[in-house]
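The block underneath contains the structure these notes are about, expressed in structure tokens.
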Amino acid sequence: MRNTRSGLWWWVGGTVVSLAGAVLLARQSIDEQRALFETDARIVHRLLSQQVVQHDAILDTLALLQPGPESAGATPPEQRLPALYPHILSVQRRDRGTAWPEAALTDAEARSRKSRRAALAGLDLASGRYRLVLAAEPASYALTIDLKGMVPWSEWPMKPDTSPVQVRLEHEGQQFDLQAGDASALAAAGGSMFEFHKHLAAASQPFDVVARQRMGWSRLPWGLMLGWSAAVAGVLALLAQWQRQRTARRRAEELLRLGQVARLNTLGELAAGMAHELNQPLTAVLANTQAAQRLLADNPPELDTARQAMAQAAAQARRAADVVGRLRTAVERPKHQSGVEATDGVVDLAEALGRALHLLEPEYRRRGVTPTLQAPEAVLVTADPVAVDQIVHNLLMNALQAMEAVEPPQRALTLSVGTTGGDGELSVADRGPGIAPEALPRLFEPFFSTREGGLGLGLPLCETLAQGMGGSLSAANRPDGGAVFTLRLPRSKGAT
């Protein structure tokens with residue numbers, strides 16, 4: 001479970017990093033596109049401003065260079081302007097004492113005379129052209145200008161046929177598209193909208209240059225974003241592999257440590273059992289040889305040799321007893337290691353279960369068992385952490401091995417932690433075949449095993465460890481099938 005949570009956090013962290021990187025790349029791309037758009041829009045405004053200022057300059061030049069009396073049939077000089085400036089479609093002149101052919105031109109001249117600058121006449125942007133009138137003496141002039149023609153396309157910063165940017169001139173509700181742009185993108189929702197608004201640099205032609213571009217989802221750098229996500233996934237996979245190897249190495253080291261402790265404790269239990277089993281026959285041999293010695297003392301003198309032999313047998317029996325006693329003393333666990341009086345350790349039973357589950361994760365996954373841990377609160381007990389780990393490890397392995405006798409769908413392992421009186425309680429309940437009634441009373445006897453090939457020392461050792469810490473270990477059959485082992489240990493004095 002710990003490994004699963006760790007893996008989940010790895011993937012959550014990787015997803016956050018991947019999304020954050022993708023957002024930054026998208027933001028950077030949008031900012032770059034916006035900067036390019038604004039640069040192009042400013043260039044457009046400058047180019048168009050130069051053109052309208054040129055129109056004012058042409059009219060001012062015509063007003064200053066008033067022509068003299070024209071020869072009959074001669075072409076007025078201003079009529080040669082369209083040849084020099086193709087976007088000027090025509091030039092009209094009103095001499096003193098004559099009238100303009102249209103009222104719009106008359107009105108524009110009056111406004112021009114009042115403002116002392118050129119004025120627009122009868123503006124109709126939809127037609128793609130406009131007229132500009134300048135009042136002067138003795139003659140006033142009017143230019144008809146083609147909007148498309150006045151654009152210096154050779155210097156235009158964008159390709160008008162393919163650019164997604166829309167460029168238009170607007171004035172008093174009228175508009176004219178100089179560059180159509182991507183109309184479908186502009187009409188669509190979503191993405192980022194770039195806009196530029198600025199008046200042309202000529203008071204006589206107060207057109208507003210409007211540039212618009214929508215950067216839709218399709219214009220985001222998806223390839224780069226996917227590449228970043230793939231790179232993050234690759235790094236995450238490497239880190240996850242490294243974490244799995246690190247976890248496996250730690251699990252192996254912990255299992256090795258527990259195995260070494262278990263072997264030492266088992267050796268102690270085995271030596272104690274051998275000493276107990278051999279002490280009685282050796283004592284009997286000693287008693288019998290001493291009795292034989294006394295009886296043989298009453299025989300004829302030729303039995304001295306027999307008496308000497310019996311004495312040697314008694315000495316050898318004592319020697320054997322001493323050897324076994326020294327073996328037991330050498331391998332027996334010192335009292336200060338097993339007694340609760342000398343143990344200052346405080347163990348959280350839920351954490352002990354968590355450590356054991358982490359170590360045995362490959363075992364219960366291989367058997368298709370999903371443990372259920374019920375630990376509503378922390379239960380602190382006074383115990384030896386290594387001894388508790390060994391007991392829990394042994395109980396879990398026994399439960400997993402017991403459930404091999406039932407079908408995988410029926411296997412279940414329930415672990416719970418709680419309190420009973422002044423003790424902390426840890427129980428391991430399985431859905432195996434249970435414990436045979438005749439085996440239940442002998443379950444904690446040394447060298448008794450219900451498993452073929454078992455030494456019968458695991459559970460006796462666990463019981464000895466529990467009792468050495470002032471606790472107990474018990475076993476029972478569950479009413480609905482399976483077995484339950486319960487470990488009780490005294491609660492820590494600081495626990496409430």
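Each chain in the structure tokens gets a letter, A, B and so on, in the order shown; residues start at 1 in every chain, and ligands are counted from 1 in the order they appear.
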
So that I can see what lies close to Gly471 (chain A), please list as a PyMOL selection string the residues with an atom at most 12 Å from it, counting only C-alpha atoms and leaving out residues fewer than 4 positions away in the same chain.
chain A and resi 338-340+381-384+387-388+391+422-426+462-467+486-491

Please produce a file of those selected residues containing N, CA and C atoms, as a short mmCIF file (atom, residue, chain, number, x, y, z; two decimals), in the first residue's frame.
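Result saved to result_26.cif:
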data_model
loop_
_atom_site.label_atom_id
_atom_site.label_comp_id
_atom_site.auth_asym_id
_atom_site.auth_seq_id
_atom_site.Cartn_x
_atom_site.Cartn_y
_atom_site.Cartn_z
N SER A 338 14.76 -9.47 26.23
CA SER A 338 13.40 -9.97 26.05
C SER A 338 12.43 -9.44 27.08
N GLY A 339 12.90 -9.00 28.19
CA GLY A 339 12.01 -8.54 29.24
C GLY A 339 11.52 -7.14 29.00
N VAL A 340 10.26 -6.88 29.31
CA VAL A 340 9.69 -5.56 29.09
C VAL A 340 10.26 -4.54 30.05
N VAL A 381 2.40 0.80 22.10
CA VAL A 381 2.69 -0.21 23.11
C VAL A 381 4.16 -0.12 23.47
N THR A 382 4.48 -0.62 24.67
CA THR A 382 5.87 -0.69 25.11
C THR A 382 6.41 -2.05 24.72
N ALA A 383 7.33 -2.07 23.77
CA ALA A 383 7.81 -3.34 23.24
C ALA A 383 9.12 -3.14 22.50
N ASP A 384 9.74 -4.28 22.16
CA ASP A 384 10.95 -4.27 21.34
C ASP A 384 10.52 -4.20 19.87
N ALA A 387 11.36 -7.32 17.84
CA ALA A 387 10.56 -8.48 18.21
C ALA A 387 9.14 -8.38 17.65
N VAL A 388 8.56 -7.17 17.73
CA VAL A 388 7.20 -6.99 17.18
C VAL A 388 7.20 -7.21 15.67
N ILE A 391 7.31 -10.94 15.02
CA ILE A 391 6.02 -11.61 15.29
C ILE A 391 5.03 -11.34 14.16
N GLY A 422 -6.03 -2.38 29.26
CA GLY A 422 -4.77 -1.65 29.26
C GLY A 422 -3.79 -2.15 28.23
N ASP A 423 -4.25 -3.00 27.31
CA ASP A 423 -3.36 -3.59 26.31
C ASP A 423 -3.70 -3.08 24.91
N GLY A 424 -2.65 -3.03 24.09
CA GLY A 424 -2.87 -2.83 22.67
C GLY A 424 -3.06 -4.19 22.01
N GLU A 425 -3.92 -4.23 21.01
CA GLU A 425 -4.26 -5.52 20.40
C GLU A 425 -4.09 -5.45 18.89
N LEU A 426 -3.41 -6.45 18.36
CA LEU A 426 -3.20 -6.58 16.92
C LEU A 426 -3.68 -7.96 16.50
N CYS A 462 7.32 -16.90 18.60
CA CYS A 462 6.50 -15.68 18.68
C CYS A 462 5.84 -15.55 20.04
N GLU A 463 5.34 -16.67 20.57
CA GLU A 463 4.71 -16.62 21.89
C GLU A 463 5.75 -16.26 22.96
N THR A 464 6.94 -16.83 22.83
CA THR A 464 8.00 -16.52 23.80
C THR A 464 8.36 -15.04 23.74
N LEU A 465 8.49 -14.49 22.51
CA LEU A 465 8.80 -13.07 22.35
C LEU A 465 7.70 -12.21 22.95
N ALA A 466 6.44 -12.57 22.70
CA ALA A 466 5.33 -11.78 23.24
C ALA A 466 5.31 -11.82 24.76
N GLN A 467 5.50 -13.01 25.32
CA GLN A 467 5.51 -13.12 26.79
C GLN A 467 6.70 -12.38 27.38
N THR A 486 -4.13 -13.30 17.66
CA THR A 486 -4.24 -12.02 18.36
C THR A 486 -3.01 -11.81 19.24
N LEU A 487 -2.34 -10.68 19.00
CA LEU A 487 -1.18 -10.29 19.80
C LEU A 487 -1.60 -9.15 20.73
N ARG A 488 -1.34 -9.35 22.01
CA ARG A 488 -1.63 -8.29 23.00
C ARG A 488 -0.34 -7.88 23.67
N LEU A 489 -0.14 -6.58 23.79
CA LEU A 489 1.05 -6.02 24.42
C LEU A 489 0.62 -4.84 25.30
N PRO A 490 1.33 -4.62 26.40
CA PRO A 490 0.95 -3.51 27.28
C PRO A 490 1.10 -2.17 26.59
N ARG A 491 0.11 -1.32 26.78
CA ARG A 491 0.13 -0.01 26.15
C ARG A 491 1.20 0.86 26.79
#

Return as a short mmCIF file (atom, residue, chain, number, x, y, z; two decimals) with N, CA, C and O atoms, in the first residue's frame the full set of residues in region 18-96 of chain A whose backbone-based DSSP assignment is alpha helix (DSSP H).
data_model
loop_
_atom_site.label_atom_id
_atom_site.label_comp_id
_atom_site.auth_asym_id
_atom_site.auth_seq_id
_atom_site.Cartn_x
_atom_site.Cartn_y
_atom_site.Cartn_z
N SER A 18 4.13 18.05 -16.20
CA SER A 18 3.85 18.01 -17.64
C SER A 18 2.87 19.11 -18.05
O SER A 18 3.09 19.82 -19.03
N LEU A 19 1.79 19.24 -17.26
CA LEU A 19 0.80 20.27 -17.58
C LEU A 19 1.38 21.67 -17.42
O LEU A 19 1.13 22.56 -18.24
N ALA A 20 2.17 21.87 -16.34
CA ALA A 20 2.77 23.19 -16.13
C ALA A 20 3.71 23.55 -17.27
O ALA A 20 3.71 24.67 -17.78
N GLY A 21 4.52 22.57 -17.73
CA GLY A 21 5.43 22.83 -18.85
C GLY A 21 4.67 23.12 -20.13
O GLY A 21 5.04 24.03 -20.89
N ALA A 22 3.59 22.35 -20.37
CA ALA A 22 2.80 22.57 -21.58
C ALA A 22 2.16 23.96 -21.56
O ALA A 22 2.11 24.65 -22.57
N VAL A 23 1.66 24.36 -20.37
CA VAL A 23 1.05 25.69 -20.25
C VAL A 23 2.09 26.78 -20.50
O VAL A 23 1.82 27.77 -21.19
N LEU A 24 3.28 26.60 -19.95
CA LEU A 24 4.33 27.60 -20.16
C LEU A 24 4.72 27.69 -21.64
O LEU A 24 4.94 28.79 -22.17
N LEU A 25 4.82 26.53 -22.30
CA LEU A 25 5.15 26.54 -23.73
C LEU A 25 4.05 27.24 -24.54
O LEU A 25 4.33 28.01 -25.45
N ALA A 26 2.79 26.93 -24.19
CA ALA A 26 1.68 27.58 -24.88
C ALA A 26 1.68 29.08 -24.63
O ALA A 26 1.48 29.89 -25.54
N ARG A 27 1.94 29.46 -23.36
CA ARG A 27 1.98 30.88 -23.01
C ARG A 27 3.10 31.61 -23.76
O ARG A 27 2.93 32.73 -24.26
N GLN A 28 4.26 30.94 -23.84
CA GLN A 28 5.38 31.53 -24.56
C GLN A 28 5.06 31.70 -26.04
O GLN A 28 5.37 32.72 -26.65
N SER A 29 4.42 30.66 -26.63
CA SER A 29 4.06 30.75 -28.04
C SER A 29 3.06 31.88 -28.28
O SER A 29 3.18 32.63 -29.25
N ILE A 30 2.08 32.00 -27.37
CA ILE A 30 1.08 33.07 -27.52
C ILE A 30 1.76 34.43 -27.40
O ILE A 30 1.47 35.35 -28.18
N ASP A 31 2.67 34.56 -26.43
CA ASP A 31 3.37 35.84 -26.27
C ASP A 31 4.21 36.17 -27.51
O ASP A 31 4.27 37.33 -27.94
N GLU A 32 4.87 35.17 -28.08
CA GLU A 32 5.66 35.40 -29.28
C GLU A 32 4.77 35.81 -30.45
O GLU A 32 5.10 36.74 -31.22
N GLN A 33 3.63 35.13 -30.60
CA GLN A 33 2.70 35.48 -31.67
C GLN A 33 2.13 36.88 -31.48
O GLN A 33 1.96 37.63 -32.43
N ARG A 34 1.84 37.22 -30.21
CA ARG A 34 1.31 38.56 -29.93
C ARG A 34 2.35 39.63 -30.26
O ARG A 34 2.03 40.66 -30.86
N ALA A 35 3.62 39.38 -29.88
CA ALA A 35 4.68 40.36 -30.17
C ALA A 35 4.86 40.52 -31.67
O ALA A 35 5.03 41.65 -32.18
N LEU A 36 4.82 39.40 -32.42
CA LEU A 36 4.94 39.48 -33.88
C LEU A 36 3.76 40.23 -34.48
O LEU A 36 3.94 41.07 -35.39
N PHE A 37 2.55 39.97 -33.97
CA PHE A 37 1.36 40.67 -34.45
C PHE A 37 1.47 42.17 -34.22
O PHE A 37 1.20 42.97 -35.11
N GLU A 38 1.87 42.55 -33.02
CA GLU A 38 1.96 43.98 -32.71
C GLU A 38 3.04 44.67 -33.54
O GLU A 38 2.86 45.82 -33.97
N THR A 39 4.14 43.97 -33.77
CA THR A 39 5.19 44.55 -34.62
C THR A 39 4.68 44.77 -36.04
O THR A 39 4.87 45.85 -36.63
N ASP A 40 4.00 43.76 -36.60
CA ASP A 40 3.45 43.90 -37.95
C ASP A 40 2.40 45.00 -38.01
O ASP A 40 2.34 45.78 -38.98
N ALA A 41 1.55 45.09 -36.97
CA ALA A 41 0.50 46.12 -36.96
C ALA A 41 1.11 47.51 -36.91
O ALA A 41 0.62 48.44 -37.58
N ARG A 42 2.16 47.70 -36.14
CA ARG A 42 2.80 49.02 -36.08
C ARG A 42 3.44 49.38 -37.42
O ARG A 42 3.41 50.54 -37.86
N ILE A 43 4.01 48.37 -38.11
CA ILE A 43 4.58 48.64 -39.44
C ILE A 43 3.48 49.04 -40.41
O ILE A 43 3.63 49.98 -41.21
N VAL A 44 2.33 48.35 -40.35
CA VAL A 44 1.19 48.69 -41.22
C VAL A 44 0.75 50.13 -40.95
O VAL A 44 0.49 50.91 -41.88
N HIS A 45 0.63 50.47 -39.67
CA HIS A 45 0.20 51.83 -39.34
C HIS A 45 1.20 52.86 -39.87
O HIS A 45 0.80 53.91 -40.40
N ARG A 46 2.47 52.60 -39.75
CA ARG A 46 3.47 53.55 -40.23
C ARG A 46 3.40 53.71 -41.74
O ARG A 46 3.46 54.83 -42.27
N LEU A 47 3.27 52.59 -42.47
CA LEU A 47 3.22 52.65 -43.94
C LEU A 47 1.99 53.42 -44.41
O LEU A 47 2.06 54.27 -45.32
N LEU A 48 0.83 53.15 -43.82
CA LEU A 48 -0.40 53.84 -44.22
C LEU A 48 -0.36 55.32 -43.83
O LEU A 48 -0.87 56.19 -44.55
N SER A 49 0.25 55.60 -42.68
CA SER A 49 0.38 57.00 -42.26
C SER A 49 1.25 57.77 -43.25
O SER A 49 0.96 58.94 -43.58
N GLN A 50 2.30 57.15 -43.72
CA GLN A 50 3.15 57.81 -44.71
C GLN A 50 2.36 58.12 -45.98
O GLN A 50 2.53 59.19 -46.59
N GLN A 51 1.47 57.21 -46.37
CA GLN A 51 0.69 57.42 -47.58
C GLN A 51 -0.27 58.60 -47.44
O GLN A 51 -0.37 59.45 -48.32
N VAL A 52 -1.03 58.64 -46.31
CA VAL A 52 -2.01 59.73 -46.17
C VAL A 52 -1.31 61.07 -45.97
O VAL A 52 -1.81 62.12 -46.42
N VAL A 53 -0.18 61.07 -45.31
CA VAL A 53 0.59 62.33 -45.20
C VAL A 53 1.05 62.78 -46.58
O VAL A 53 1.08 63.98 -46.90
N GLN A 54 1.39 61.82 -47.44
CA GLN A 54 1.79 62.16 -48.81
C GLN A 54 0.63 62.81 -49.56
O GLN A 54 0.84 63.75 -50.36
N HIS A 55 -0.59 62.34 -49.31
CA HIS A 55 -1.75 62.95 -49.97
C HIS A 55 -1.88 64.42 -49.58
O HIS A 55 -2.17 65.28 -50.43
N ASP A 56 -1.71 64.70 -48.30
CA ASP A 56 -1.75 66.10 -47.86
C ASP A 56 -0.65 66.91 -48.54
O ASP A 56 -0.87 68.07 -48.95
N ALA A 57 0.53 66.31 -48.65
CA ALA A 57 1.65 67.02 -49.28
C ALA A 57 1.38 67.32 -50.74
O ALA A 57 1.72 68.40 -51.26
N ILE A 58 0.75 66.39 -51.45
CA ILE A 58 0.42 66.60 -52.87
C ILE A 58 -0.56 67.76 -53.01
O ILE A 58 -0.39 68.65 -53.88
N LEU A 59 -1.60 67.77 -52.16
CA LEU A 59 -2.58 68.85 -52.24
C LEU A 59 -1.94 70.20 -51.88
O LEU A 59 -2.22 71.23 -52.52
N ASP A 60 -1.09 70.19 -50.88
CA ASP A 60 -0.42 71.43 -50.50
C ASP A 60 0.48 71.93 -51.63
O ASP A 60 0.57 73.15 -51.90
N THR A 61 1.13 71.01 -52.32
CA THR A 61 1.99 71.39 -53.46
C THR A 61 1.16 72.00 -54.58
O THR A 61 1.54 73.02 -55.20
N LEU A 62 0.01 71.38 -54.89
CA LEU A 62 -0.86 71.91 -55.93
C LEU A 62 -1.36 73.31 -55.56
O LEU A 62 -1.48 74.19 -56.44
N ALA A 63 -1.67 73.51 -54.26
CA ALA A 63 -2.17 74.82 -53.85
C ALA A 63 -1.10 75.89 -53.95
O ALA A 63 -1.37 77.04 -54.28
N LEU A 64 0.15 75.52 -53.68
CA LEU A 64 1.24 76.49 -53.75
C LEU A 64 1.63 76.81 -55.18
O LEU A 64 1.97 77.95 -55.52
N LEU A 81 -0.75 63.74 -62.44
CA LEU A 81 -0.49 63.07 -61.17
C LEU A 81 -0.85 61.57 -61.19
O LEU A 81 -0.10 60.74 -60.65
N PRO A 82 -2.00 61.14 -61.77
CA PRO A 82 -2.31 59.71 -61.76
C PRO A 82 -1.23 58.86 -62.42
O PRO A 82 -1.07 57.68 -62.05
N ALA A 83 -0.49 59.46 -63.36
CA ALA A 83 0.58 58.69 -63.97
C ALA A 83 1.73 58.49 -63.00
O ALA A 83 2.44 57.46 -63.05
N LEU A 84 1.91 59.48 -62.11
CA LEU A 84 3.00 59.36 -61.13
C LEU A 84 2.57 58.56 -59.90
O LEU A 84 3.36 57.83 -59.30
#

Report, in Å with one decimal, the straight-line distance from CA of Leu220 (chain A) to CA of Ala189 (chain A).
15.0 Å

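Distances here use only C-alpha atoms; by that measure, the residue among A:Ala230, A:Ala110, A:Ala136, A:Leu457 closest to Leu65 (chain A) is A:Ala136.
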
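Taking CA of Phe207 (chain A) and CA of Ala139 (chain A) as the two end points, the separation is 26.6 Å.
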
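What separates CA of Thr162 (chain A) from CA of Asp182 (chain A) is a distance of 8.3 Å.
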
Polymer residues at most 8 Å from Gly122 (chain A), only C-alpha atoms, same-chain spacing of 5 or more positions, as a ChimeraX atom specification
/A:104-105,108,130-131

Residues flagged strand (DSSP E) by DSSP in region 66-158 of chain A, as a VMD selection string:
chain A and resid 88 to 95 119 to 124 129 to 134 139 to 146

Identify which of the residues A:Arg478, A:Ala135, A:His87, A:Glu172 lies closest to Val151 (chain A), counting only C-alpha atoms when measuring atom-to-atom distances.
A:His87

Give me, as a ChimeraX atom specification, all polymer residues having an atom no more than 12 Å from Gly481 (chain A), counting only C-alpha atoms and skipping those fewer than 2 positions away in the same chain.
/A:403,406,410-413,429-436,476-479,483-484

Selection above as a file: N, CA, C and O atoms, as a PDB file, in the first residue's frame:
ATOM      1  N   MET A 403      -3.656 -19.781   3.337  1.00  0.00           N
ATOM      2  CA  MET A 403      -4.672 -19.529   2.315  1.00  0.00           C
ATOM      3  C   MET A 403      -4.327 -20.144   0.973  1.00  0.00           C
ATOM      4  O   MET A 403      -5.130 -20.079   0.031  1.00  0.00           O
ATOM      5  N   VAL A 406      -6.942 -22.713  -0.286  1.00  0.00           N
ATOM      6  CA  VAL A 406      -8.264 -22.340  -0.800  1.00  0.00           C
ATOM      7  C   VAL A 406      -8.099 -21.643  -2.129  1.00  0.00           C
ATOM      8  O   VAL A 406      -7.006 -21.216  -2.505  1.00  0.00           O
ATOM      9  N   GLN A 410     -11.508 -16.821  -2.832  1.00  0.00           N
ATOM     10  CA  GLN A 410     -11.962 -16.918  -1.450  1.00  0.00           C
ATOM     11  C   GLN A 410     -10.957 -16.331  -0.466  1.00  0.00           C
ATOM     12  O   GLN A 410     -11.254 -16.182   0.722  1.00  0.00           O
ATOM     13  N   ARG A 411      -9.781 -15.982  -0.933  1.00  0.00           N
ATOM     14  CA  ARG A 411      -8.734 -15.520  -0.033  1.00  0.00           C
ATOM     15  C   ARG A 411      -8.983 -14.079   0.415  1.00  0.00           C
ATOM     16  O   ARG A 411      -9.313 -13.222  -0.390  1.00  0.00           O
ATOM     17  N   ALA A 412      -8.821 -13.863   1.703  1.00  0.00           N
ATOM     18  CA  ALA A 412      -8.973 -12.518   2.263  1.00  0.00           C
ATOM     19  C   ALA A 412      -8.141 -12.433   3.527  1.00  0.00           C
ATOM     20  O   ALA A 412      -8.047 -13.401   4.292  1.00  0.00           O
ATOM     21  N   LEU A 413      -7.536 -11.281   3.736  1.00  0.00           N
ATOM     22  CA  LEU A 413      -6.673 -11.066   4.901  1.00  0.00           C
ATOM     23  C   LEU A 413      -7.092  -9.756   5.548  1.00  0.00           C
ATOM     24  O   LEU A 413      -7.011  -8.689   4.930  1.00  0.00           O
ATOM     25  N   ALA A 429      -6.393 -11.967  10.718  1.00  0.00           N
ATOM     26  CA  ALA A 429      -7.465 -12.918  10.411  1.00  0.00           C
ATOM     27  C   ALA A 429      -7.403 -13.296   8.940  1.00  0.00           C
ATOM     28  O   ALA A 429      -7.350 -12.421   8.080  1.00  0.00           O
ATOM     29  N   ASP A 430      -7.395 -14.615   8.654  1.00  0.00           N
ATOM     30  CA  ASP A 430      -7.340 -15.079   7.268  1.00  0.00           C
ATOM     31  C   ASP A 430      -8.586 -15.861   6.924  1.00  0.00           C
ATOM     32  O   ASP A 430      -9.404 -16.180   7.795  1.00  0.00           O
ATOM     33  N   ARG A 431      -8.742 -16.161   5.637  1.00  0.00           N
ATOM     34  CA  ARG A 431      -9.864 -16.950   5.134  1.00  0.00           C
ATOM     35  C   ARG A 431      -9.376 -18.312   4.658  1.00  0.00           C
ATOM     36  O   ARG A 431      -9.889 -18.848   3.672  1.00  0.00           O
ATOM     37  N   GLY A 432      -8.405 -18.852   5.382  1.00  0.00           N
ATOM     38  CA  GLY A 432      -7.895 -20.164   5.030  1.00  0.00           C
ATOM     39  C   GLY A 432      -8.785 -21.275   5.569  1.00  0.00           C
ATOM     40  O   GLY A 432      -9.927 -21.052   5.981  1.00  0.00           O
ATOM     41  N   PRO A 433      -8.248 -22.506   5.624  1.00  0.00           N
ATOM     42  CA  PRO A 433      -9.059 -23.640   6.094  1.00  0.00           C
ATOM     43  C   PRO A 433      -9.250 -23.670   7.600  1.00  0.00           C
ATOM     44  O   PRO A 433     -10.029 -24.481   8.116  1.00  0.00           O
ATOM     45  N   GLY A 434      -8.556 -22.778   8.338  1.00  0.00           N
ATOM     46  CA  GLY A 434      -8.677 -22.783   9.793  1.00  0.00           C
ATOM     47  C   GLY A 434      -7.719 -23.775  10.434  1.00  0.00           C
ATOM     48  O   GLY A 434      -6.890 -24.417   9.772  1.00  0.00           O
ATOM     49  N   ILE A 435      -7.825 -23.916  11.757  1.00  0.00           N
ATOM     50  CA  ILE A 435      -6.946 -24.802  12.541  1.00  0.00           C
ATOM     51  C   ILE A 435      -7.754 -26.001  13.003  1.00  0.00           C
ATOM     52  O   ILE A 435      -8.864 -25.861  13.538  1.00  0.00           O
ATOM     53  N   ALA A 436      -7.197 -27.176  12.781  1.00  0.00           N
ATOM     54  CA  ALA A 436      -7.890 -28.403  13.195  1.00  0.00           C
ATOM     55  C   ALA A 436      -8.106 -28.387  14.707  1.00  0.00           C
ATOM     56  O   ALA A 436      -7.220 -27.948  15.457  1.00  0.00           O
ATOM     57  N   ALA A 476      -7.275 -18.707  17.401  1.00  0.00           N
ATOM     58  CA  ALA A 476      -8.641 -19.226  17.438  1.00  0.00           C
ATOM     59  C   ALA A 476      -9.139 -19.371  16.011  1.00  0.00           C
ATOM     60  O   ALA A 476      -8.570 -18.805  15.066  1.00  0.00           O
ATOM     61  N   ASN A 477     -10.205 -20.150  15.854  1.00  0.00           N
ATOM     62  CA  ASN A 477     -10.881 -20.295  14.564  1.00  0.00           C
ATOM     63  C   ASN A 477     -11.999 -19.275  14.468  1.00  0.00           C
ATOM     64  O   ASN A 477     -12.684 -18.981  15.467  1.00  0.00           O
ATOM     65  N   ARG A 478     -12.184 -18.729  13.280  1.00  0.00           N
ATOM     66  CA  ARG A 478     -13.260 -17.765  13.058  1.00  0.00           C
ATOM     67  C   ARG A 478     -14.565 -18.511  12.798  1.00  0.00           C
ATOM     68  O   ARG A 478     -14.563 -19.565  12.136  1.00  0.00           O
ATOM     69  N   PRO A 479     -15.678 -17.984  13.264  1.00  0.00           N
ATOM     70  CA  PRO A 479     -16.960 -18.675  13.041  1.00  0.00           C
ATOM     71  C   PRO A 479     -17.292 -18.841  11.555  1.00  0.00           C
ATOM     72  O   PRO A 479     -17.911 -19.844  11.161  1.00  0.00           O
ATOM     73  N   ALA A 483      -8.692 -18.588  10.338  1.00  0.00           N
ATOM     74  CA  ALA A 483      -8.099 -18.485  11.664  1.00  0.00           C
ATOM     75  C   ALA A 483      -7.779 -17.040  11.975  1.00  0.00           C
ATOM     76  O   ALA A 483      -7.617 -16.210  11.075  1.00  0.00           O
ATOM     77  N   VAL A 484      -7.688 -16.744  13.289  1.00  0.00           N
ATOM     78  CA  VAL A 484      -7.323 -15.409  13.722  1.00  0.00           C
ATOM     79  C   VAL A 484      -6.300 -15.534  14.841  1.00  0.00           C
ATOM     80  O   VAL A 484      -6.471 -16.317  15.781  1.00  0.00           O
TER      81      VAL A 484
END
